[in-house]
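Peer 1: My structure is stored as start_33.csv, with CSV, C-alpha atoms.
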chain,number,residue,atom,x,y,z
A,1,MET,CA,6.6,-14.0,-2.0
A,2,GLN,CA,5.9,-12.7,1.5
A,3,ALA,CA,3.9,-9.6,2.0
A,4,VAL,CA,4.3,-6.9,4.7
A,5,VAL,CA,1.2,-4.9,5.6
A,6,LEU,CA,1.7,-1.6,7.5
A,7,ALA,CA,-1.3,-1.4,9.9
A,8,ALA,CA,-0.1,0.4,13.0
A,9,GLY,CA,-1.5,3.9,12.5
A,10,LYS,CA,-4.1,5.6,14.6
A,11,GLY,CA,-5.9,7.2,11.7
A,12,THR,CA,-6.4,10.6,13.4
A,13,ARG,CA,-7.6,12.2,10.2
A,14,LEU,CA,-10.3,9.6,10.0
A,15,ARG,CA,-11.9,10.5,13.3
A,16,PRO,CA,-14.5,9.9,14.5
A,17,LEU,CA,-14.4,6.6,12.5
A,18,THR,CA,-11.2,5.6,14.4
A,19,ASP,CA,-12.2,6.7,17.9
A,20,ASP,CA,-12.8,3.1,18.9
A,21,LYS,CA,-10.9,1.1,16.3
A,22,PRO,CA,-7.6,1.0,14.3
A,23,LYS,CA,-7.7,2.7,10.9
A,24,VAL,CA,-7.4,-0.5,9.0
A,25,LEU,CA,-10.6,-1.8,10.5
A,26,VAL,CA,-12.7,1.1,9.1
A,27,GLU,CA,-15.1,-0.5,6.7
A,28,VAL,CA,-15.4,0.4,3.1
A,29,ASN,CA,-18.4,-1.1,1.3
A,30,ASP,CA,-19.1,-3.3,4.4
A,31,LYS,CA,-15.5,-4.7,4.5
A,32,PRO,CA,-12.5,-3.7,6.6
A,33,LEU,CA,-9.8,-1.8,4.7
A,34,ILE,CA,-7.2,-4.4,5.7
A,35,GLU,CA,-9.3,-7.3,4.4
A,36,ASP,CA,-9.4,-5.7,1.0
A,37,VAL,CA,-5.6,-5.3,1.3
A,38,PHE,CA,-5.2,-9.0,2.2
A,39,ASP,CA,-7.4,-10.0,-0.8
A,40,ASN,CA,-5.2,-7.9,-3.2
A,41,LEU,CA,-2.0,-9.4,-1.8
A,42,LEU,CA,-3.3,-13.0,-2.1
A,43,ASP,CA,-4.3,-12.3,-5.7
A,44,ALA,CA,-0.7,-11.0,-6.3
A,45,GLY,CA,0.7,-14.3,-4.9
A,46,ALA,CA,1.4,-13.7,-1.3
A,47,THR,CA,2.5,-16.8,0.6
A,48,GLU,CA,2.6,-15.2,4.1
A,49,LEU,CA,1.2,-12.0,5.5
A,50,VAL,CA,3.5,-10.1,8.0
A,51,VAL,CA,1.3,-7.5,9.6
A,52,VAL,CA,2.8,-4.5,11.5
A,53,VAL,CA,0.3,-3.5,14.2
A,54,GLY,CA,0.2,-0.8,16.8
A,55,TYR,CA,-2.8,1.2,17.7
A,56,LYS,CA,-5.5,-1.1,19.1
A,57,ALA,CA,-3.6,-4.0,17.8
A,58,GLU,CA,-5.6,-6.6,19.7
A,59,GLN,CA,-8.7,-5.8,17.6
A,60,ILE,CA,-6.8,-6.8,14.4
A,61,ILE,CA,-5.4,-9.9,15.9
A,62,ASP,CA,-8.7,-11.0,17.4
A,63,ARG,CA,-10.4,-10.3,14.0
A,64,PHE,CA,-8.1,-12.4,11.8
A,65,GLY,CA,-6.2,-14.7,14.1
A,66,ASP,CA,-3.2,-16.6,12.6
A,67,GLU,CA,-4.3,-17.0,9.0
A,68,TYR,CA,-6.4,-15.5,6.3
A,69,GLU,CA,-7.9,-17.7,3.6
A,70,GLY,CA,-5.4,-20.4,4.5
A,71,VAL,CA,-2.4,-18.0,4.3
A,72,PRO,CA,-0.5,-17.7,7.6
A,73,ILE,CA,-0.3,-14.3,9.3
A,74,THR,CA,2.6,-13.2,11.5
A,75,TYR,CA,2.1,-10.1,13.7
A,76,THR,CA,4.8,-7.7,14.7
A,77,HIS,CA,4.4,-4.6,16.9
A,78,GLN,CA,5.4,-1.0,16.3
A,79,ARG,CA,5.2,0.4,19.8
A,80,GLU,CA,5.6,4.0,18.7
A,81,GLN,CA,4.5,5.4,15.4
A,82,LEU,CA,7.8,6.8,14.2
A,83,GLY,CA,7.3,6.7,10.4
A,84,LEU,CA,7.1,4.1,7.6
A,85,ALA,CA,10.8,3.3,7.6
A,86,HIS,CA,10.6,2.5,11.3
A,87,ALA,CA,7.5,0.4,10.7
A,88,ILE,CA,9.2,-1.7,8.0
A,89,LEU,CA,12.1,-2.5,10.4
A,90,GLN,CA,9.6,-4.2,12.7
A,91,ALA,CA,9.0,-6.7,10.0
A,92,GLU,CA,12.7,-7.4,9.3
A,93,PRO,CA,13.1,-10.5,11.7
A,94,HIS,CA,10.2,-12.2,9.9
A,95,VAL,CA,11.1,-11.6,6.3
A,96,ASP,CA,13.3,-13.9,4.2
A,97,GLY,CA,14.0,-12.7,0.7
A,98,ASP,CA,12.2,-10.4,-1.6
A,99,PHE,CA,8.8,-9.2,-0.4
A,100,MET,CA,5.7,-7.1,-1.2
A,101,LEU,CA,4.8,-4.1,0.9
A,102,MET,CA,1.4,-2.5,1.0
A,103,LEU,CA,0.0,0.3,3.2
A,104,GLY,CA,-3.0,-0.9,5.1
A,105,ASP,CA,-5.3,2.0,4.2
A,106,ASN,CA,-5.4,1.8,0.4
A,107,ILE,CA,-8.1,0.4,-1.8
A,108,PHE,CA,-6.6,-1.0,-5.1
A,109,ARG,CA,-8.1,-2.2,-8.3
A,110,GLY,CA,-5.2,-2.6,-10.6
A,111,ASN,CA,-2.1,-4.4,-11.9
A,112,LEU,CA,-0.3,-5.4,-8.8
A,113,GLY,CA,0.9,-8.6,-10.5
A,114,ASP,CA,3.0,-6.5,-12.9
A,115,VAL,CA,5.0,-5.2,-10.0
A,116,THR,CA,5.7,-8.7,-8.5
A,117,ASN,CA,6.6,-10.0,-11.9
A,118,ARG,CA,9.1,-7.2,-12.4
A,119,GLN,CA,10.6,-7.9,-9.0
A,120,GLN,CA,11.4,-11.4,-10.1
A,121,GLU,CA,13.5,-10.2,-12.9
A,122,GLU,CA,17.2,-10.2,-12.1
A,123,ARG,CA,17.7,-6.5,-13.1
A,124,ALA,CA,15.2,-5.1,-10.6
A,125,ASP,CA,16.2,-4.4,-7.0
A,126,ALA,CA,12.7,-2.9,-6.3
A,127,ALA,CA,9.6,-2.0,-8.2
A,128,PHE,CA,6.8,0.5,-7.3
A,129,LEU,CA,3.3,0.9,-8.5
A,130,VAL,CA,3.0,4.6,-9.4
A,131,GLU,CA,0.4,7.0,-10.8
A,132,GLU,CA,0.0,10.4,-12.2
A,133,VAL,CA,-2.0,13.0,-10.2
A,134,PRO,CA,-2.8,16.7,-10.8
A,135,TYR,CA,0.3,18.8,-10.0
A,136,GLU,CA,-1.6,20.7,-7.3
A,137,GLU,CA,-2.2,17.4,-5.5
A,138,ALA,CA,1.3,15.9,-5.9
A,139,SER,CA,2.7,17.7,-2.7
A,140,ARG,CA,0.4,15.4,-0.6
A,141,TYR,CA,2.5,12.3,-1.6
A,142,GLY,CA,5.9,10.9,-2.1
A,143,VAL,CA,6.8,12.3,-5.5
A,144,LEU,CA,9.0,10.5,-8.1
A,145,ASP,CA,11.3,11.4,-10.9
A,146,THR,CA,12.3,8.8,-13.5
A,147,ASN,CA,14.8,8.5,-16.3
A,148,GLU,CA,14.2,7.5,-19.9
A,149,TYR,CA,14.1,3.8,-19.0
A,150,GLY,CA,11.4,4.2,-16.4
A,151,GLU,CA,13.8,3.8,-13.5
A,152,ILE,CA,13.2,5.9,-10.4
A,153,THR,CA,16.0,8.5,-9.9
A,154,GLU,CA,14.6,10.6,-7.1
A,155,VAL,CA,11.9,10.4,-4.4
A,156,VAL,CA,10.8,13.4,-2.4
A,157,GLU,CA,8.3,13.2,0.5
A,158,LYS,CA,5.5,15.8,0.2
A,159,PRO,CA,7.6,18.5,-1.5
A,160,ASP,CA,6.5,22.1,-1.7
A,161,ASP,CA,7.7,22.2,-5.3
A,162,PRO,CA,7.1,18.7,-6.8
A,163,PRO,CA,9.7,17.7,-9.5
A,164,SER,CA,6.9,15.8,-11.3
A,165,ASN,CA,3.3,14.7,-10.8
A,166,LEU,CA,4.2,11.0,-10.6
A,167,VAL,CA,3.6,9.7,-7.1
A,168,MET,CA,3.9,6.5,-5.1
A,169,THR,CA,0.7,4.6,-4.5
A,170,GLY,CA,1.4,2.5,-1.5
A,171,PHE,CA,2.3,-0.8,-3.2
A,172,TYR,CA,6.0,-1.8,-3.5
A,173,THR,CA,8.3,-4.8,-3.9
A,174,PHE,CA,11.8,-4.8,-2.3
A,175,THR,CA,14.8,-7.0,-1.7
A,176,PRO,CA,16.0,-7.1,1.9
A,177,ALA,CA,18.4,-4.3,1.0
A,178,ILE,CA,15.6,-1.9,2.1
A,179,PHE,CA,16.1,-2.9,5.7
A,180,HIS,CA,19.7,-1.8,5.7
A,181,ALA,CA,18.6,1.5,4.2
A,182,CYS,CA,15.9,2.0,6.8
A,183,HIS,CA,18.5,1.4,9.5
A,184,LEU,CA,20.6,4.3,8.1
A,185,VAL,CA,17.7,6.8,7.9
A,186,GLN,CA,17.8,9.8,10.2
A,187,PRO,CA,14.7,11.4,11.6
A,188,SER,CA,13.0,14.0,9.4
A,189,ASP,CA,11.9,17.5,10.4
A,190,ARG,CA,8.6,15.7,11.5
A,191,GLY,CA,10.7,13.5,13.8
A,192,GLU,CA,9.8,10.4,11.8
A,193,TYR,CA,11.9,7.9,9.8
A,194,GLU,CA,10.6,8.4,6.3
A,195,LEU,CA,10.4,5.7,3.7
A,196,PRO,CA,11.3,8.0,0.8
A,197,ASP,CA,14.6,8.8,2.6
A,198,ALA,CA,15.4,5.0,2.7
A,199,ILE,CA,14.5,4.7,-1.0
A,200,ASP,CA,16.8,7.6,-1.8
A,201,LEU,CA,19.6,5.7,-0.1
A,202,LEU,CA,18.9,2.7,-2.3
A,203,ILE,CA,19.1,4.9,-5.4
A,204,GLN,CA,22.3,6.5,-4.3
A,205,SER,CA,23.9,3.1,-3.7
A,206,GLY,CA,23.2,2.2,-7.4
A,207,ARG,CA,20.1,0.0,-6.9
A,208,THR,CA,17.6,-0.2,-9.8
A,209,ILE,CA,14.1,0.7,-8.9
A,210,ASP,CA,11.4,0.4,-11.6
A,211,ALA,CA,8.3,2.4,-11.8
A,212,ILE,CA,5.2,0.5,-13.0
A,213,ARG,CA,2.3,2.7,-14.0
A,214,LEU,CA,-1.0,1.9,-12.3
A,215,ASP,CA,-3.5,0.4,-14.7
A,216,GLY,CA,-6.7,0.8,-12.8
A,217,TRP,CA,-7.5,2.9,-9.7
A,218,ARG,CA,-6.7,3.3,-6.1
A,219,ILE,CA,-8.0,5.4,-3.2
A,220,ASP,CA,-5.9,6.3,-0.2
A,221,VAL,CA,-8.5,6.3,2.6
A,222,GLY,CA,-7.1,9.2,4.7
A,223,TYR,CA,-10.3,11.1,5.5
A,224,PRO,CA,-14.0,10.2,6.0
A,225,GLU,CA,-14.8,11.6,2.5
A,226,ASP,CA,-12.2,9.2,1.0
A,227,ARG,CA,-14.0,6.3,2.7
A,228,ASP,CA,-17.3,7.5,1.1
A,229,ARG,CA,-15.7,7.9,-2.3
A,230,ALA,CA,-14.2,4.4,-2.2
A,231,THR,CA,-17.5,2.9,-1.1
A,232,GLU,CA,-19.2,4.6,-4.0
A,233,ARG,CA,-16.6,3.4,-6.5
A,234,LEU,CA,-16.8,-0.2,-5.3
A,235,GLU,CA,-20.6,-0.1,-5.3
A,236,GLU,CA,-20.6,1.1,-8.9
A,237,GLU,CA,-18.3,-1.7,-9.9
A,238,THR,CA,-20.4,-4.3,-8.1
A,239,GLY,CA,-23.5,-2.9,-9.8
A,240,ALA,CA,-21.8,-3.0,-13.2
A,241,VAL,CA,-20.8,-6.7,-12.6
A,242,GLU,CA,-24.3,-7.6,-11.5
A,243,THR,CA,-25.8,-5.9,-14.5
A,244,SER,CA,-23.4,-7.6,-16.8
A,245,ASP,CA,-24.2,-11.0,-15.3
A,246,ASP,CA,-28.0,-10.3,-15.7
A,247,THR,CA,-27.4,-9.4,-19.3
A,248,ASP,CA,-25.4,-12.5,-20.0
A,249,ALA,CA,-28.2,-14.6,-18.4
A,250,GLU,CA,-30.9,-12.9,-20.5
A,251,GLU,CA,-28.9,-13.5,-23.7
A,252,ALA,CA,-28.5,-17.1,-22.8
A,253,ILE,CA,-32.2,-17.5,-22.3
A,254,VAL,CA,-32.9,-15.8,-25.7
A,255,ASP,CA,-30.3,-18.0,-27.4
A,256,ASN,CA,-31.9,-21.2,-26.0
Would you mind writing the file's structure down as structure tokens?
Peer 2:
Amino acid sequence: MQAVVLAAGKGTRLRPLTDDKPKVLVEVNDKPLIEDVFDNLLDAGATELVVVVGYKAEQIIDRFGDEYEGVPITYTHQREQLGLAHAILQAEPHVDGDFMLMLGDNIFRGNLGDVTNRQQEERADAAFLVEEVPYEEASRYGVLDTNEYGEITEVVEKPDDPPSNLVMTGFYTFTPAIFHACHLVQPSDRGEYELPDAIDLLIQSGRTIDAIRLDGWRIDVGYPEDRDRATERLEEETGAVETSDDTDAEEAIVDN
């Protein structure tokens, strides 16, 4: 399955970290955000990376070239940052069939493979990795409502009065039907073409979109403090793995 990565944003909320680089090249635990995204997508089975670039695009292209870990990269340009639905349309000429979509500023440790597996079932037109957040935080995200079967029935972008505390995480799978929906979207009050509006059009047309609960964690790196929090979390995990490896080695020596 191909994977589309949205990496065109300026990252104004991450300043000064983004004064001289695109948001996705901000490092978390000594690794650019987008490299962590690439690793997650390859683990989920990506056969090609289609990267939508914009702000300081040349830095991303110079950094990674035309492949990552043997997987080809295709770059496509979003000349103006007009919303996620607009960004997705820049990838349309390069996508053939069902595909993964990931935002380039998210650190994931979770069950992405469950989403791609669900997409491969005939009944699913799309599948999203979702998580529960405190109600007071839900208005920062695209908020979902689901039916008794776990199918998404409504998506609202950053609502003042959230219908639930279930939110989109930034990892999705779609059929090419999403492109048609994105073409139909009208600009929002912010003047942007919003992805939730395109998703709502899919729902209204009778498409089945499944919600897969996140088993793990993710951090949306939107502010400098998010970068610090993600670094701490990854360092903790690395330390835990190293401690476990040391313990296993000590046990092996004792056993021998």
Peer 1: Rounded to one decimal, what separation in Å do you get between atom CA of A:Asp197 and atom CA of A:Pro163?
Peer 2: 15.8 Å
Peer 1: Within 12 Å of A:His180, counting all atoms listed in the file, which residues show up once you throw out same-chain ones fewer than 5 positions away? Write them as an NGL selection string, please.
Peer 2: :A and (85-86 or 88-89 or 92 or 174-175 or 185 or 198-199 or 201-202 or 205)
Peer 1: Would you mind exporting C-alpha atoms of the selected residues as a compact mmCIF listing (two decimals), in the frame of the given file?
Peer 2:
# COMPACT_ATOMS: atom_id res chain seq x y z
CA ALA A 85 10.80 3.30 7.60
CA HIS A 86 10.60 2.50 11.30
CA ILE A 88 9.20 -1.70 8.00
CA LEU A 89 12.10 -2.50 10.40
CA GLU A 92 12.70 -7.40 9.30
CA PHE A 174 11.80 -4.80 -2.30
CA THR A 175 14.80 -7.00 -1.70
CA VAL A 185 17.70 6.80 7.90
CA ALA A 198 15.40 5.00 2.70
CA ILE A 199 14.50 4.70 -1.00
CA LEU A 201 19.60 5.70 -0.10
CA LEU A 202 18.90 2.70 -2.30
CA SER A 205 23.90 3.10 -3.70
Peer 1: State, in Å with one decimal place, the distance from atom CA of A:Asn117 to atom CA of A:Met102.
Peer 2: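 So the two atoms, atom CA of A:Asn117 and atom CA of A:Met102, lie 15.8 Å apart.
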Peer 1: Please indicate the distance in Å from atom CA of A:Leu101 to atom CA of A:Val133, rounded to one decimal place.
Peer 2: 21.5 Å
Peer 1: Within 12 Å of A:Pro32, counting all atoms listed in the file, which residues show up once you throw out same-chain ones fewer than 5 positions away? Write them as JSON, numbers by chain, please.
Peer 2: {"A": [7, 21, 22, 23, 24, 25, 26, 27, 37, 38, 39, 59, 60, 63, 64, 104, 105, 106, 107, 221, 227, 231]}
